[in-house]
Structure formats: C-alpha cells, structure tokens
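Beneath this line is the structure, given in structure tokens, with notes to follow.
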Amino acid sequence: MKHKVKVTVIDKKLYPELQAQYCADPNAGACPCYHVGDEYHFYRDEERDDFWHMGLNTLTKTDADPDTVAGGPKLPHCSEAWDAIARYIYTGLQGGSIMKGWMKEENTMITCCSDGTRPVIFKIERIDEE
C-alpha cells in the first residue's frame, strides 16, 4: 500500500494586541505565507520525496499567487510551520498512525505553527492508496 499526505490550511488567527506589545513590527499582521484553503500533497516514493525538500512545490491549490505561497514552486514551507507539521507528514508518508486516540480518525491531525501572535492552523491527512 502507498501513502500520501494532504495538508490543508483550515484557519489563520491574529492577535494584534500581542503583536503591539511584543513584536518589533507592532503592525505585522496575519501570516503572509499561507492562506485559508491552501492545499498541499506530499509524496515519498521512487519518483518523488517531498519531505526532504521541506515541501517545496507541494502546493496544489491556492487563491493567491503560487510563487508567493510557502510550499509553492519558489518557497519551501516556513520553518515555524514546518517544525509543527513535519513529524505528522513523515509519519503519514510511512503509513503510521498520525494521532490515534486523540483525533476521531487516526489518519488525521489538526495542529498549528508556533507563531503565537499569528498562528496558522493545519489539517493533516494520511491518504492510503492501493
């Protein structure tokens, strides 16, 4: 059985009061790297190994200019986001349980990047193929 992983940006948050209090740029705004609805497909087989390239060119759907979106053809995933999602992507690509006992389905995980003033929330799904 082969496995691929689909990652979807399902939400973005912004905490302007925290940015005003702590950020060097108090008006930094929402994360510019991702957009709600962005989708990514990761493969790891004889032809492709998206994991070891930090998801470069895994973007399959966006409403923005793909060249300006993390995971598009020109930008790898943001390091803060990659740190949060990579372990689940790798596990899914190997056919493992992403979050058994925590999520309703063991092949799905909801997680977010560690940017505390403007987190991006991701849905990660292992997809099994014959």
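Going by the structure tokens order, chains are called A, B, ..., each with residues numbered from 1, while ligands are numbered from 1 in the order shown.
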
Considering only C-alpha atoms, return as a short mmCIF file (atom, residue, chain, number, x, y, z; two decimals) with C-alpha atoms, in the first residue's frame whatever protein or nucleic-acid residues lie within 7 Å of stretch 68-74 of chain A, sequence-local ones (same chain, fewer than 6 positions apart) excluded.
```
data_model
loop_
_atom_site.label_atom_id
_atom_site.label_comp_id
_atom_site.auth_asym_id
_atom_site.auth_seq_id
_atom_site.Cartn_x
_atom_site.Cartn_y
_atom_site.Cartn_z
CA CYS A 33 3.00 32.67 3.91
CA TYR A 34 -0.29 30.74 4.00
CA GLY A 55 7.54 20.57 0.93
CA LEU A 56 8.88 22.74 -1.87
CA ASN A 57 6.43 22.58 -4.80
CA THR A 58 3.77 20.56 -2.92
CA LEU A 59 1.15 23.31 -3.25
#
```

Going by DSSP on the backbone, which residues of stretch 36-120 of chain A come out as alpha helix (DSSP H)? List them as JSON, numbers by chain.
{"A": [79, 80, 81, 82, 83, 84, 85, 86, 87, 88, 89, 90, 91, 92, 93]}

Write the residues you've just listed into a file as a short mmCIF file (atom, residue, chain, number, x, y, z; two decimals), in the first residue's frame, and include N, CA and C atoms for each of them.
```
data_model
loop_
_atom_site.label_atom_id
_atom_site.label_comp_id
_atom_site.auth_asym_id
_atom_site.auth_seq_id
_atom_site.Cartn_x
_atom_site.Cartn_y
_atom_site.Cartn_z
N SER A 79 9.75 27.82 8.35
CA SER A 79 10.42 26.94 9.31
C SER A 79 9.59 26.71 10.57
N GLU A 80 8.84 27.71 11.02
CA GLU A 80 7.99 27.53 12.21
C GLU A 80 6.85 26.56 11.91
N ALA A 81 6.24 26.69 10.75
CA ALA A 81 5.17 25.77 10.36
C ALA A 81 5.73 24.37 10.12
N TRP A 82 6.86 24.30 9.42
CA TRP A 82 7.46 23.00 9.12
C TRP A 82 7.79 22.23 10.39
N ASP A 83 8.29 22.94 11.38
CA ASP A 83 8.60 22.29 12.66
C ASP A 83 7.35 21.68 13.30
N ALA A 84 6.20 22.32 13.10
CA ALA A 84 4.95 21.83 13.70
C ALA A 84 4.30 20.70 12.91
N ILE A 85 4.47 20.69 11.59
CA ILE A 85 3.74 19.71 10.77
C ILE A 85 4.60 18.56 10.26
N ALA A 86 5.91 18.72 10.23
CA ALA A 86 6.78 17.72 9.60
C ALA A 86 6.65 16.34 10.23
N ARG A 87 6.56 16.25 11.54
CA ARG A 87 6.50 14.93 12.20
C ARG A 87 5.26 14.16 11.78
N TYR A 88 4.14 14.86 11.58
CA TYR A 88 2.90 14.20 11.17
C TYR A 88 2.95 13.81 9.69
N ILE A 89 3.56 14.65 8.88
CA ILE A 89 3.72 14.33 7.46
C ILE A 89 4.59 13.09 7.31
N TYR A 90 5.71 13.06 7.99
CA TYR A 90 6.63 11.93 7.89
C TYR A 90 5.95 10.63 8.35
N THR A 91 5.25 10.70 9.47
CA THR A 91 4.54 9.53 9.98
C THR A 91 3.51 9.04 8.98
N GLY A 92 2.74 9.96 8.40
CA GLY A 92 1.73 9.59 7.42
C GLY A 92 2.33 8.99 6.17
N LEU A 93 3.44 9.53 5.68
CA LEU A 93 4.09 9.00 4.49
C LEU A 93 4.60 7.59 4.70
#
```

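Using only C-alpha atoms, the shortest contact distance between A:Pro119 and any of A:Ala30, A:Cys23, A:Cys78, A:Ala64 is found at A:Ala30.
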
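Closest approach to A:Phe122 among A:Asp65, A:Glu17, A:Glu39, A:Asp49 is made by A:Glu39 (distances from only C-alpha atoms).
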
Restricting to only C-alpha atoms, whichever of A:Lys61, A:Arg126, A:His35, A:His53 is closest to A:Met109 is A:Arg126

Shell around A:Ala20 at 12 Å using only C-alpha atoms, local window under 6 positions removed, as a compact mmCIF listing (two decimals) with C-alpha atoms, in the first residue's frame:
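Output contents, as saved in out.txt:
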```txt
# COMPACT_ATOMS: atom_id res chain seq x y z
CA LEU A 14 -4.23 37.10 14.51
CA PRO A 26 3.65 46.04 16.01
CA ASN A 27 1.58 46.03 12.80
CA ALA A 28 2.99 42.81 11.33
CA GLY A 29 -0.49 41.44 10.64
CA THR A 117 0.80 36.23 17.50
```

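You will find atom CA of A:Arg44 at 15.5 Å from atom CA of A:Ile124.
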
Run DSSP on the backbone and give me the residues of chain A it puts in strand (DSSP E or B), as a count of residues only.
35
